[in-house]
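**Q** Input file: my_file13.txt. Contents: compact mmCIF, C-alpha atoms.
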# COMPACT_ATOMS: atom_id res chain seq x y z
CA MET A 155 51.54 -34.79 -18.73
CA SER A 156 47.88 -34.72 -18.10
CA THR A 157 45.84 -32.29 -20.19
CA THR A 158 42.84 -32.16 -17.91
CA VAL A 159 42.17 -28.81 -16.26
CA THR A 160 42.22 -29.01 -12.47
CA GLN A 161 39.17 -27.90 -10.54
CA LEU A 162 40.98 -24.76 -9.36
CA ASP A 163 41.93 -23.56 -12.82
CA LYS A 164 38.45 -23.82 -14.27
CA VAL A 165 36.88 -20.48 -15.20
CA LYS A 166 33.84 -20.02 -13.02
CA THR A 167 30.74 -18.74 -14.76
CA GLY A 168 28.33 -18.37 -11.84
CA ARG A 169 26.24 -15.30 -11.26
CA TRP A 170 28.51 -14.05 -8.49
CA ASN A 171 31.86 -14.98 -10.04
CA GLY A 172 32.46 -11.60 -11.60
CA GLY A 173 32.26 -10.25 -15.12
CA ARG A 174 28.50 -9.84 -15.02
CA SER A 175 25.81 -7.95 -13.17
CA PRO A 176 24.56 -10.39 -10.49
CA PHE A 177 21.23 -8.69 -9.87
CA ASN A 178 20.72 -7.90 -13.55
CA VAL A 179 18.74 -4.82 -12.55
CA GLU A 180 19.57 -1.29 -13.61
CA TYR A 181 21.05 0.96 -10.90
CA GLY A 182 18.16 3.43 -10.69
CA LYS A 183 15.67 0.63 -10.36
CA ILE A 184 17.64 -0.98 -7.51
CA MET A 185 17.73 2.38 -5.75
CA MET A 186 13.97 2.81 -6.23
CA TRP A 187 13.46 -0.62 -4.64
CA PHE A 188 15.70 0.23 -1.68
CA PHE A 189 13.94 3.57 -1.21
CA LEU A 190 10.58 1.80 -1.23
CA THR A 191 11.88 -0.72 1.33
CA SER A 192 12.83 2.12 3.65
CA ASP A 193 9.50 3.81 2.99
CA ALA A 194 7.73 0.56 3.82
CA PHE A 195 9.45 0.69 7.20
CA THR A 196 8.06 4.18 7.81
CA PHE A 197 4.53 3.08 7.01
CA SER A 198 4.95 -0.11 9.02
CA ALA A 199 6.01 1.95 12.02
CA PHE A 200 2.90 4.13 11.66
CA LEU A 201 0.52 1.22 11.27
CA ILE A 202 2.09 -0.87 14.03
CA TYR A 203 1.82 2.11 16.38
CA TYR A 204 -1.84 2.43 15.42
CA GLY A 205 -2.30 -1.28 16.12
CA THR A 206 -0.61 -1.00 19.49
CA GLN A 207 -2.76 1.93 20.55
CA ARG A 208 -5.90 0.21 19.45
CA PHE A 209 -4.89 -3.00 21.18
CA ALA A 210 -3.96 -1.17 24.39
CA HIS A 211 -7.29 0.68 24.73
CA LEU A 212 -10.30 -1.13 26.05
CA THR A 213 -12.59 0.77 23.70
CA TRP A 214 -12.04 2.33 20.30
CA PRO A 215 -14.20 4.26 17.78
CA ASP A 216 -16.08 1.80 15.57
CA PRO A 217 -14.91 2.35 11.95
CA ASP A 218 -18.35 1.28 10.68
CA LYS A 219 -19.85 4.20 12.57
CA VAL A 220 -17.15 6.76 11.78
CA PHE A 221 -16.94 6.07 8.05
CA GLN A 222 -20.46 5.58 6.79
CA SER A 223 -21.13 8.43 4.40
CA ILE A 224 -21.04 8.62 0.62
CA PRO A 225 -20.36 12.27 -0.33
CA PHE A 226 -23.23 13.92 -2.24
CA ILE A 227 -25.37 10.78 -1.93
CA ALA A 228 -25.90 9.77 1.69
CA ASP A 229 -24.72 11.22 4.95
CA HIS A 230 -24.84 8.00 6.93
CA GLY A 231 -25.90 4.40 6.84
CA TYR A 232 -23.43 3.06 4.26
CA PRO A 233 -20.28 1.80 5.96
CA LEU A 234 -17.36 0.79 3.71
CA VAL A 235 -19.05 1.79 0.44
CA PHE A 236 -17.08 4.99 -0.21
CA VAL A 237 -13.75 3.49 0.83
CA GLY A 238 -14.59 0.56 -1.43
CA ILE A 239 -14.88 2.96 -4.36
CA MET A 240 -11.52 4.53 -3.38
CA THR A 241 -9.86 1.11 -3.18
CA PHE A 242 -11.25 0.18 -6.57
CA ILE A 243 -9.95 3.44 -8.10
CA LEU A 244 -6.46 2.81 -6.75
CA ILE A 245 -6.30 -0.84 -7.85
CA MET A 246 -7.57 0.25 -11.27
CA SER A 247 -4.88 2.94 -11.58
CA SER A 248 -2.30 0.33 -10.56
CA VAL A 249 -3.45 -1.83 -13.46
CA THR A 250 -3.24 1.04 -15.95
CA MET A 251 0.29 1.75 -14.67
CA VAL A 252 1.43 -1.83 -15.18
CA LEU A 253 -0.12 -1.72 -18.66
CA ALA A 254 1.91 1.43 -19.37
CA VAL A 255 5.06 -0.44 -18.28
CA GLU A 256 4.10 -3.37 -20.50
CA ALA A 257 3.57 -1.02 -23.47
CA GLY A 258 6.96 0.53 -22.68
CA HIS A 259 8.64 -2.85 -23.15
CA ARG A 260 7.22 -2.94 -26.66
CA ASN A 261 8.37 0.68 -27.22
CA ALA A 262 4.77 1.56 -28.08
CA LYS A 263 4.83 5.24 -27.28
CA LYS A 264 1.15 5.95 -27.98
CA GLU A 265 -0.03 3.21 -25.65
CA VAL A 266 2.36 4.33 -22.91
CA VAL A 267 0.94 7.86 -23.16
CA GLY A 268 -2.65 6.60 -23.01
CA TRP A 269 -2.15 4.34 -20.01
CA MET A 270 -0.12 6.95 -18.14
CA ILE A 271 -2.85 9.55 -18.61
CA ALA A 272 -5.35 7.00 -17.28
CA THR A 273 -3.08 6.41 -14.26
CA ILE A 274 -2.82 10.13 -13.54
CA ILE A 275 -6.59 10.53 -13.76
CA GLY A 276 -7.01 7.59 -11.37
CA GLY A 277 -4.57 9.18 -8.94
CA LEU A 278 -6.37 12.52 -9.07
CA MET A 279 -9.71 10.80 -8.51
CA PHE A 280 -8.30 9.01 -5.47
CA ILE A 281 -6.90 12.24 -4.01
CA GLY A 282 -10.28 13.90 -4.62
CA CYS A 283 -12.07 11.12 -2.74
CA GLN A 284 -9.55 11.41 0.06
CA ALA A 285 -10.25 15.15 0.28
CA LEU A 286 -14.00 14.47 0.53
CA GLU A 287 -13.41 11.89 3.25
CA TRP A 288 -11.25 14.33 5.22
CA THR A 289 -13.80 17.12 4.80
CA HIS A 290 -16.57 14.87 6.08
CA LEU A 291 -14.60 13.86 9.19
CA HIS A 292 -13.50 17.44 9.77
CA HIS A 293 -17.12 18.59 9.71
CA ALA A 294 -17.98 15.86 12.18
CA GLY A 295 -15.39 17.44 14.49
CA PHE A 296 -12.39 15.16 14.08
CA TRP A 297 -9.01 16.78 13.41
CA TRP A 298 -5.48 16.72 14.77
CA GLY A 299 -5.99 17.50 18.43
CA SER A 300 -9.77 17.79 18.32
CA ILE A 301 -12.71 15.46 18.61
CA PRO A 302 -16.46 16.07 18.24
CA GLY A 303 -17.86 18.09 21.12
CA GLN A 304 -19.29 21.46 22.08
CA GLU A 305 -19.21 23.68 25.13
CA GLY A 306 -21.59 22.40 27.72
CA VAL A 307 -22.30 19.10 25.97
CA SER A 308 -21.06 15.98 27.67
CA PRO A 309 -18.57 13.95 25.62
CA GLU A 310 -20.76 10.97 26.35
CA VAL A 311 -23.40 12.60 24.14
CA SER A 312 -21.19 14.08 21.41
CA LEU A 313 -19.06 10.95 21.00
CA ALA A 314 -21.90 8.45 21.31
CA PRO A 315 -22.48 8.16 17.52
CA PHE A 316 -18.93 6.90 16.95
CA PHE A 317 -18.64 4.14 19.53
CA SER A 318 -20.22 0.72 19.78
CA LYS A 319 -18.89 0.00 23.26
CA GLU A 320 -18.06 2.44 26.04
CA ILE A 321 -16.94 5.97 25.17
CA SER A 322 -13.40 7.20 25.66
CA GLU A 323 -12.12 10.66 24.82
CA VAL A 324 -8.54 9.39 24.80
CA SER A 325 -9.33 6.67 22.26
CA ALA A 326 -11.26 9.10 20.05
CA GLN A 327 -8.35 11.56 20.11
CA GLN A 328 -5.75 8.87 19.35
CA PHE A 329 -7.93 7.63 16.51
CA ALA A 330 -8.33 11.12 15.02
CA ASN A 331 -4.61 11.96 15.24
CA LEU A 332 -3.51 8.67 13.75
CA PHE A 333 -6.15 8.66 11.02
CA PHE A 334 -5.17 12.08 9.71
CA THR A 335 -1.44 11.43 10.09
CA ILE A 336 -1.40 8.05 8.35
CA THR A 337 -3.90 8.75 5.56
CA GLY A 338 -2.28 12.18 5.20
CA PHE A 339 1.15 10.63 4.76
CA HIS A 340 -0.30 8.19 2.26
CA GLY A 341 -2.11 10.99 0.42
CA PHE A 342 1.18 12.90 0.31
CA HIS A 343 2.77 9.87 -1.37
CA VAL A 344 -0.08 9.70 -3.88
CA SER A 345 0.38 13.41 -4.68
CA ILE A 346 4.13 12.91 -5.24
CA GLY A 347 3.30 9.89 -7.40
CA ILE A 348 0.94 11.96 -9.57
CA LEU A 349 3.65 14.61 -9.93
CA LEU A 350 6.27 12.01 -10.93
CA ASN A 351 3.81 10.46 -13.37
CA ILE A 352 3.17 13.87 -14.97
CA ILE A 353 6.92 14.52 -15.29
CA VAL A 354 7.55 11.10 -16.85
CA LEU A 355 4.54 11.57 -19.14
CA GLY A 356 6.11 14.83 -20.29
CA MET A 357 9.36 13.00 -20.99
CA VAL A 358 7.50 10.32 -22.97
CA LEU A 359 5.77 13.01 -25.03
CA ALA A 360 9.12 14.74 -25.60
CA ASN A 361 10.46 11.45 -27.05
CA THR A 362 13.17 11.26 -24.37
CA PHE A 363 12.79 7.51 -23.93
CA GLU A 364 12.37 6.92 -27.65
CA ARG A 365 15.83 8.41 -28.13
CA ARG A 366 17.20 6.58 -25.09
CA GLY A 367 15.91 3.33 -26.51
CA SER A 368 14.19 2.12 -23.35
CA TYR A 369 11.21 3.06 -21.23
CA LEU A 370 12.94 2.06 -17.99
CA MET A 371 11.92 5.32 -16.31
CA VAL A 372 8.25 4.38 -16.73
CA GLU A 373 9.07 1.17 -14.90
CA LYS A 374 10.70 3.03 -12.00
CA VAL A 375 7.82 5.44 -11.55
CA GLY A 376 5.55 2.40 -11.88
CA LEU A 377 7.29 0.73 -8.94
CA TYR A 378 6.60 3.81 -6.81
CA TRP A 379 2.97 3.90 -7.92
CA HIS A 380 2.39 0.23 -7.07
CA PHE A 381 3.96 0.82 -3.68
CA VAL A 382 1.40 3.55 -3.00
CA ASP A 383 -1.33 1.07 -3.89
CA LEU A 384 0.31 -1.53 -1.65
CA VAL A 385 0.30 0.82 1.33
CA TRP A 386 -3.37 1.61 0.73
CA VAL A 387 -4.18 -2.11 0.91
CA PHE A 388 -2.81 -2.12 4.47
CA VAL A 389 -4.35 1.22 5.48
CA PHE A 390 -7.71 -0.04 4.21
CA THR A 391 -7.47 -3.21 6.31
CA PHE A 392 -6.31 -1.62 9.54
CA PHE A 393 -8.46 1.52 9.50
CA TYR A 394 -11.65 0.37 7.83
CA LEU A 395 -12.00 -3.39 8.15
CA VAL A 396 -10.48 -4.47 11.46
CA MET B 1370 31.02 1.69 -22.94
CA ALA B 1371 28.54 2.83 -20.37
CA SER B 1372 25.66 2.98 -22.80
CA GLN B 1373 26.63 -0.40 -24.21
CA HIS B 1374 26.46 -1.87 -20.72
CA HIS B 1375 23.09 -0.24 -20.19
CA ASP B 1376 21.72 -1.65 -23.43
CA GLN B 1377 22.95 -5.06 -22.40
CA LEU B 1378 21.04 -4.79 -19.14
CA VAL B 1379 17.89 -3.69 -20.89
CA GLY B 1380 18.30 -6.48 -23.38
CA HIS B 1381 18.70 -9.00 -20.60
CA GLU B 1382 15.64 -7.68 -18.85
CA GLU B 1383 13.49 -8.06 -21.87
CA GLY B 1384 13.84 -11.80 -21.37
CA HIS B 1385 12.46 -11.49 -17.84
CA HIS B 1386 9.50 -9.42 -18.87
CA GLU B 1387 8.04 -12.14 -20.99
CA GLY B 1388 6.50 -13.26 -17.70
CA MET B 1389 4.12 -10.28 -17.63
CA THR B 1390 1.77 -10.24 -20.60
CA LYS B 1391 -1.44 -8.25 -20.94
CA GLY B 1392 -3.50 -11.35 -20.19
CA ARG B 1393 -1.57 -12.01 -17.02
CA ILE B 1394 -1.93 -8.39 -15.87
CA TRP B 1395 -5.72 -8.59 -16.15
CA ARG B 1396 -5.76 -11.98 -14.44
CA VAL B 1397 -3.87 -10.53 -11.45
CA PHE B 1398 -6.28 -7.57 -11.47
CA PHE B 1399 -9.25 -9.93 -11.19
CA TYR B 1400 -7.54 -11.83 -8.36
CA LEU B 1401 -7.09 -8.53 -6.49
CA LEU B 1402 -10.67 -7.53 -7.21
CA ALA B 1403 -11.96 -10.91 -6.05
CA ILE B 1404 -9.98 -10.76 -2.79
CA THR B 1405 -11.28 -7.23 -2.13
CA ALA B 1406 -14.83 -8.36 -2.90
CA LEU B 1407 -14.38 -11.25 -0.46
CA GLU B 1408 -13.26 -8.79 2.23
CA PHE B 1409 -16.37 -6.70 1.61
CA PHE B 1410 -18.53 -9.80 1.71
CA ILE B 1411 -17.08 -10.75 5.10
CA ALA B 1412 -17.42 -7.21 6.45
CA LEU B 1413 -20.86 -6.28 5.11
CA VAL B 1414 -22.72 -9.58 4.89
CA LEU B 1415 -21.16 -11.84 7.51
CA VAL B 1416 -20.14 -9.37 10.24
CA HIS B 1417 -23.01 -6.89 9.79
CA GLY B 1418 -25.49 -9.67 9.23
CA GLY B 1419 -24.51 -11.10 12.57
CA VAL B 1420 -23.25 -14.43 11.21
CA ILE B 1421 -19.86 -13.87 12.84
CA SER B 1422 -18.84 -11.26 15.39
CA LYS B 1423 -15.95 -8.83 15.21
CA GLY B 1424 -12.88 -10.12 16.92
CA LEU B 1425 -9.57 -11.88 16.63
CA GLY B 1426 -10.76 -14.64 14.29
CA VAL B 1427 -12.15 -12.40 11.56
CA ASN B 1428 -9.21 -10.00 11.95
CA ILE B 1429 -6.79 -12.84 11.21
CA VAL B 1430 -8.78 -13.60 8.05
CA TYR B 1431 -8.60 -9.92 7.00
CA ILE B 1432 -4.85 -9.79 7.61
CA LEU B 1433 -4.22 -13.01 5.66
CA LEU B 1434 -6.28 -11.68 2.72
CA THR B 1435 -4.34 -8.40 2.91
CA LEU B 1436 -1.02 -10.22 2.82
CA LEU B 1437 -2.25 -12.23 -0.16
CA LYS B 1438 -3.14 -9.00 -1.97
CA ALA B 1439 0.27 -7.56 -1.03
CA TYR B 1440 1.92 -10.68 -2.48
CA TYR B 1441 0.11 -10.27 -5.80
CA ILE B 1442 0.97 -6.57 -6.05
CA VAL B 1443 4.65 -7.02 -5.17
CA ALA B 1444 5.26 -10.25 -7.07
CA TYR B 1445 3.41 -9.46 -10.30
CA PHE B 1446 2.72 -5.71 -10.57
CA MET B 1447 6.08 -4.73 -9.09
CA HIS B 1448 7.61 -7.63 -10.94
CA LEU B 1449 9.69 -8.88 -8.03
CA LYS B 1450 8.90 -12.53 -8.74
CA PHE B 1451 10.79 -12.30 -12.02
CA GLU B 1452 13.97 -10.75 -10.59
CA THR B 1453 17.00 -12.78 -9.53
CA PHE B 1454 16.94 -14.69 -6.25
CA GLY B 1455 19.71 -12.51 -4.77
CA PHE B 1456 17.78 -9.33 -5.49
CA ILE B 1457 14.53 -10.69 -4.07
CA MET B 1458 16.36 -11.59 -0.86
CA SER B 1459 18.03 -8.17 -0.64
CA VAL B 1460 14.57 -6.55 -0.65
CA VAL B 1461 12.52 -9.04 1.34
CA VAL B 1462 14.74 -10.33 4.16
CA VAL B 1463 14.80 -7.02 6.08
CA PHE B 1464 11.07 -7.37 6.73
CA LEU B 1465 11.93 -9.91 9.40
CA PHE B 1466 12.57 -6.81 11.50
CA ILE B 1467 8.94 -5.79 10.99
CA ILE B 1468 7.77 -9.12 12.43
CA TYR B 1469 10.03 -8.53 15.42
CA PHE B 1470 8.69 -4.98 15.71
CA ILE B 1471 5.10 -6.26 15.75
CA ALA B 1472 6.01 -8.72 18.51
CA LEU B 1473 7.65 -5.93 20.52
CA MET B 1474 4.74 -3.55 20.15
CA LEU B 1475 2.20 -6.23 21.08
CA THR B 1476 4.17 -6.80 24.29
CA GLU B 1477 4.11 -3.04 24.89
CA GLY B 1478 0.40 -2.92 24.11
CA THR B 1479 -0.35 -5.70 26.57
CA TYR B 1480 1.52 -3.81 29.27
CA LEU B 1481 -0.36 -0.58 28.50
CA LYS B 1482 -3.68 -2.39 28.42
CA GLY B 1483 -3.04 -3.76 31.89
CA HIS B 1484 -2.24 -0.30 33.17
CA PHE B 1485 -5.11 1.54 31.48
CA ASN B 1486 -7.52 -0.99 32.90
CA PRO B 1487 -8.04 0.43 36.43
CA PHE B 1488 -8.95 3.91 35.14
CA PRO B 1489 -12.57 4.82 34.42
CA PHE B 1490 -13.54 5.67 30.83
CA TRP B 1491 -15.11 8.95 31.80
CA PRO B 1492 -13.80 11.32 33.03
CA ASN B 1493 -10.43 10.19 31.78
CA THR B 1494 -8.45 13.25 30.80
Would it be possible to restate this file's structure as structure tokens?
**A**
Amino acid sequence: MSTTVTQLDKVKTGRWNGGRSPFNVEYGKIMMWFFLTSDAFTFSAFLIYYGTQRFAHLTWPDPDKVFQSIPFIADHGYPLVFVGIMTFILIMSSVTMVLAVEAGHRNAKKEVVGWMIATIIGGLMFIGCQALEWTHLHHAGFWWGSIPGQEGVSPEVSLAPFFSKEISEVSAQQFANLFFTITGFHGFHVSIGILLNIIVLGMVLANTFERRGSYLMVEKVGLYWHFVDLVWVFVFTFFYLV
Amino acid sequence: MASQHHDQLVGHEEGHHEGMTKGRIWRVFFYLLAITALEFFIALVLVHGGVISKGLGVNIVYILLTLLKAYYIVAYFMHLKFETFGFIMSVVVVFLFIIYFIALMLTEGTYLKGHFNPFPFWPNT
């Protein structure tokens, strides 16, 4: 009798052969990833619609002319500067978040607390900047369903400061609606992120994760926070640069 | 049993996380900062200075830089690069639909563009 084990009888030890977790990721984290994937689809739909509209119109408001103020410093003449500051704030808060996650892996509670507070402050600063940006555009006359213009003034005059090529009321209105909807939806996500960060910070301070033995929850809220930063990268390109 | 399983997972993950040290985090941050600075350089110096004009070419450059930034955020900050291959695929593959969606909407946009064309800009209510 042969003592060799046939190929069929061998115990398989591959990742997908059972007895182990093939993804090796905790359930809540997988669900956070799948939620973010679906959320990415929502934002993609918004941005692709914006792209389509912009592509379909022969003229479109020039972002360099619409966004050229720095609140409290200059009313016009500085395109991209303020949004640059906002982008920097968000990237910075993303870094502090990933540092909080890294500190969590070392179970260093004090560092986690410090970096999370920094992240929350960054988020609040970003939301504040967003509010200033909205206020500025609202004062200029842009809002959902309204564009700059007064009774008796031709749109050619009131819209002239915002266009480089020909003027179109339809384009201006599409731009205003989509700007407030998309940045509003993103700002809503940032606000939720700040709230989640505050809740998790409270749990860190209450030693919840110390007792649980892992700071996995910081990682999950971190994933959400990075996603918000990721979306802003795209919003920044399609609204401000292109 | 459940908690034991959980601990095992966390323990396993610790091995993965060795990929993301403080030094590496700051390096990725400087990559992101450098890409953003490059975008500003293109927008403020090259386009505003009149070296290149706005249009398809520079937009493709912006989009490529954006995708590069997205890669760094997802791969390193969101840690996806260090997950298992199966998990990466389960998250990433669906985005093929987004590419298809972009193709569809560009077709739609071309159609609309052709049909907006004959109408005057003003008055165009």
**Q** Separation of CA of Asn331 in chain A and CA of Ala314 in chain A, in Å?
**A**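 Atom-to-atom, CA of Asn331 in chain A to CA of Ala314 in chain A, that is 18.7 Å.
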**Q** Determine the nearest neighbour of His1448 in chain B from the options B:Phe1409, B:Val1397, B:Gly1426, B:Gly1392, counting all atoms listed in the file.
**A**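 Between B:Phe1409, B:Val1397, B:Gly1426, B:Gly1392, the residue approaching His1448 in chain B most closely is B:Val1397.
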**Q** Which is closest to Leu1407 in chain B among A:Gly231, A:Gln222, A:Thr206, A:Leu395, if we use all atoms listed in the file?
**A**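 Closest candidate: A:Leu395.
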**Q** Would you give me, as a VMD selection string, the residues of chain B that come within 6 Å of chain A, using only C-alpha atoms?
**A** chain B and resid 1428 1447 1453 1456 1474 1478 1481 to 1482 1490
**Q** Measure the distance from CA of Asp216 in chain A to CA of Ala330 in chain A in Å and round it to one decimal.
**A**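 Separation of CA of Asp216 in chain A and CA of Ala330 in chain A: 12.1 Å.
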**Q** For Met270 in chain A, which residue among A:Ala294, A:Met185, A:Ala254, A:Leu286 is the nearest when counting all atoms listed in the file?
**A**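 Using all atoms listed in the file, Met270 in chain A sits closest to A:Ala254.
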**Q** Please indicate the distance in Å from CA of Ile271 in chain A to CA of Gly347 in chain A, rounded to one decimal place.
**A**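 Rounded to one decimal, the two atoms are 12.8 Å apart.
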**Q** Considering all atoms listed in the file, can you say which of A:Pro225, A:Gly356, A:Gln161, A:Gly303 comes closest to Pro315 in chain A?
**A**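 The answer is A:Gly303, which sits nearest to Pro315 in chain A.
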**Q** Hey, can you pull every residue with an atom no more than 10 Å from (-3.1, 7.0, 3.0), using all atoms listed in the file, and send it as a ChimeraX atom specification?
**A** /A:197,281,284,333-344,382-383,385-390
**Q** Can you tell me, as a ChimeraX atom specification, what residues are no more than 8 Å from Ser247 in chain A when counting all atoms listed in the file, ignoring any on the same chain fewer than 4 positions away?
**A** /A:243,251,272-274,276-277
**Q** Using only C-alpha atoms, which of B:Phe1399, B:Ala1412, B:Tyr1445, B:Thr1405 sits nearest Met240 in chain A?
**A**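 Residue with the minimum atom-to-atom distance to Met240 in chain A: B:Thr1405.
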**Q** Around all of range 166-179 of chain A's listed atoms, make the axis-aligned box with 5 Å on each side and tell me centre and edge lengths in Å to one decimal, as lines of an AutoDock Vina configuration file.
**A**
center_x = 26.3
center_y = -12.4
center_z = -11.8
size_x = 25.1
size_y = 25.2
size_z = 16.6
**Q** For range 1416-1435 of chain B, supply N, CA and C atoms and format the output as a PDB file, keeping the file's coordinate frame.
**A**
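The new file out_26.pdb reads:
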ATOM      1  N   VAL B1416     -20.280 -10.050   8.947  1.00  0.00           N
ATOM      2  CA  VAL B1416     -20.140  -9.370  10.240  1.00  0.00           C
ATOM      3  C   VAL B1416     -21.377  -8.527  10.543  1.00  0.00           C
ATOM      4  N   HIS B1417     -21.833  -7.732   9.537  1.00  0.00           N
ATOM      5  CA  HIS B1417     -23.010  -6.890   9.790  1.00  0.00           C
ATOM      6  C   HIS B1417     -24.282  -7.706   9.896  1.00  0.00           C
ATOM      7  N   GLY B1418     -24.314  -8.819   9.171  1.00  0.00           N
ATOM      8  CA  GLY B1418     -25.490  -9.670   9.230  1.00  0.00           C
ATOM      9  C   GLY B1418     -25.553 -10.485  10.505  1.00  0.00           C
ATOM     10  N   GLY B1419     -24.486 -10.417  11.297  1.00  0.00           N
ATOM     11  CA  GLY B1419     -24.510 -11.100  12.570  1.00  0.00           C
ATOM     12  C   GLY B1419     -24.146 -12.576  12.501  1.00  0.00           C
ATOM     13  N   VAL B1420     -23.648 -13.028  11.333  1.00  0.00           N
ATOM     14  CA  VAL B1420     -23.250 -14.430  11.210  1.00  0.00           C
ATOM     15  C   VAL B1420     -22.011 -14.698  12.070  1.00  0.00           C
ATOM     16  N   ILE B1421     -21.018 -13.780  11.957  1.00  0.00           N
ATOM     17  CA  ILE B1421     -19.860 -13.870  12.840  1.00  0.00           C
ATOM     18  C   ILE B1421     -19.663 -12.520  13.508  1.00  0.00           C
ATOM     19  N   SER B1422     -19.033 -12.535  14.688  1.00  0.00           N
ATOM     20  CA  SER B1422     -18.840 -11.260  15.390  1.00  0.00           C
ATOM     21  C   SER B1422     -17.420 -10.765  15.178  1.00  0.00           C
ATOM     22  N   LYS B1423     -17.269  -9.442  15.313  1.00  0.00           N
ATOM     23  CA  LYS B1423     -15.950  -8.830  15.210  1.00  0.00           C
ATOM     24  C   LYS B1423     -15.041  -9.409  16.274  1.00  0.00           C
ATOM     25  N   GLY B1424     -13.798  -9.600  15.910  1.00  0.00           N
ATOM     26  CA  GLY B1424     -12.880 -10.120  16.920  1.00  0.00           C
ATOM     27  C   GLY B1424     -11.628 -10.678  16.296  1.00  0.00           C
ATOM     28  N   LEU B1425     -10.882 -11.412  17.064  1.00  0.00           N
ATOM     29  CA  LEU B1425      -9.570 -11.880  16.630  1.00  0.00           C
ATOM     30  C   LEU B1425      -9.674 -12.774  15.392  1.00  0.00           C
ATOM     31  N   GLY B1426     -10.656 -13.681  15.392  1.00  0.00           N
ATOM     32  CA  GLY B1426     -10.760 -14.640  14.290  1.00  0.00           C
ATOM     33  C   GLY B1426     -10.920 -13.962  12.949  1.00  0.00           C
ATOM     34  N   VAL B1427     -11.882 -13.054  12.846  1.00  0.00           N
ATOM     35  CA  VAL B1427     -12.150 -12.400  11.560  1.00  0.00           C
ATOM     36  C   VAL B1427     -11.006 -11.451  11.212  1.00  0.00           C
ATOM     37  N   ASN B1428     -10.356 -10.870  12.229  1.00  0.00           N
ATOM     38  CA  ASN B1428      -9.210 -10.000  11.950  1.00  0.00           C
ATOM     39  C   ASN B1428      -8.057 -10.777  11.327  1.00  0.00           C
ATOM     40  N   ILE B1429      -7.849 -12.012  11.796  1.00  0.00           N
ATOM     41  CA  ILE B1429      -6.790 -12.840  11.210  1.00  0.00           C
ATOM     42  C   ILE B1429      -7.110 -13.114   9.741  1.00  0.00           C
ATOM     43  N   VAL B1430      -8.381 -13.369   9.453  1.00  0.00           N
ATOM     44  CA  VAL B1430      -8.780 -13.600   8.050  1.00  0.00           C
ATOM     45  C   VAL B1430      -8.495 -12.359   7.211  1.00  0.00           C
ATOM     46  N   TYR B1431      -8.874 -11.173   7.730  1.00  0.00           N
ATOM     47  CA  TYR B1431      -8.600  -9.920   7.000  1.00  0.00           C
ATOM     48  C   TYR B1431      -7.111  -9.756   6.732  1.00  0.00           C
ATOM     49  N   ILE B1432      -6.290 -10.014   7.755  1.00  0.00           N
ATOM     50  CA  ILE B1432      -4.850  -9.790   7.610  1.00  0.00           C
ATOM     51  C   ILE B1432      -4.252 -10.775   6.601  1.00  0.00           C
ATOM     52  N   LEU B1433      -4.718 -12.027   6.639  1.00  0.00           N
ATOM     53  CA  LEU B1433      -4.220 -13.010   5.660  1.00  0.00           C
ATOM     54  C   LEU B1433      -4.595 -12.593   4.243  1.00  0.00           C
ATOM     55  N   LEU B1434      -5.853 -12.124   4.055  1.00  0.00           N
ATOM     56  CA  LEU B1434      -6.280 -11.680   2.720  1.00  0.00           C
ATOM     57  C   LEU B1434      -5.458 -10.477   2.275  1.00  0.00           C
ATOM     58  N   THR B1435      -5.154  -9.569   3.236  1.00  0.00           N
ATOM     59  CA  THR B1435      -4.340  -8.400   2.910  1.00  0.00           C
ATOM     60  C   THR B1435      -2.952  -8.807   2.468  1.00  0.00           C
TER      61      THR B1435
END
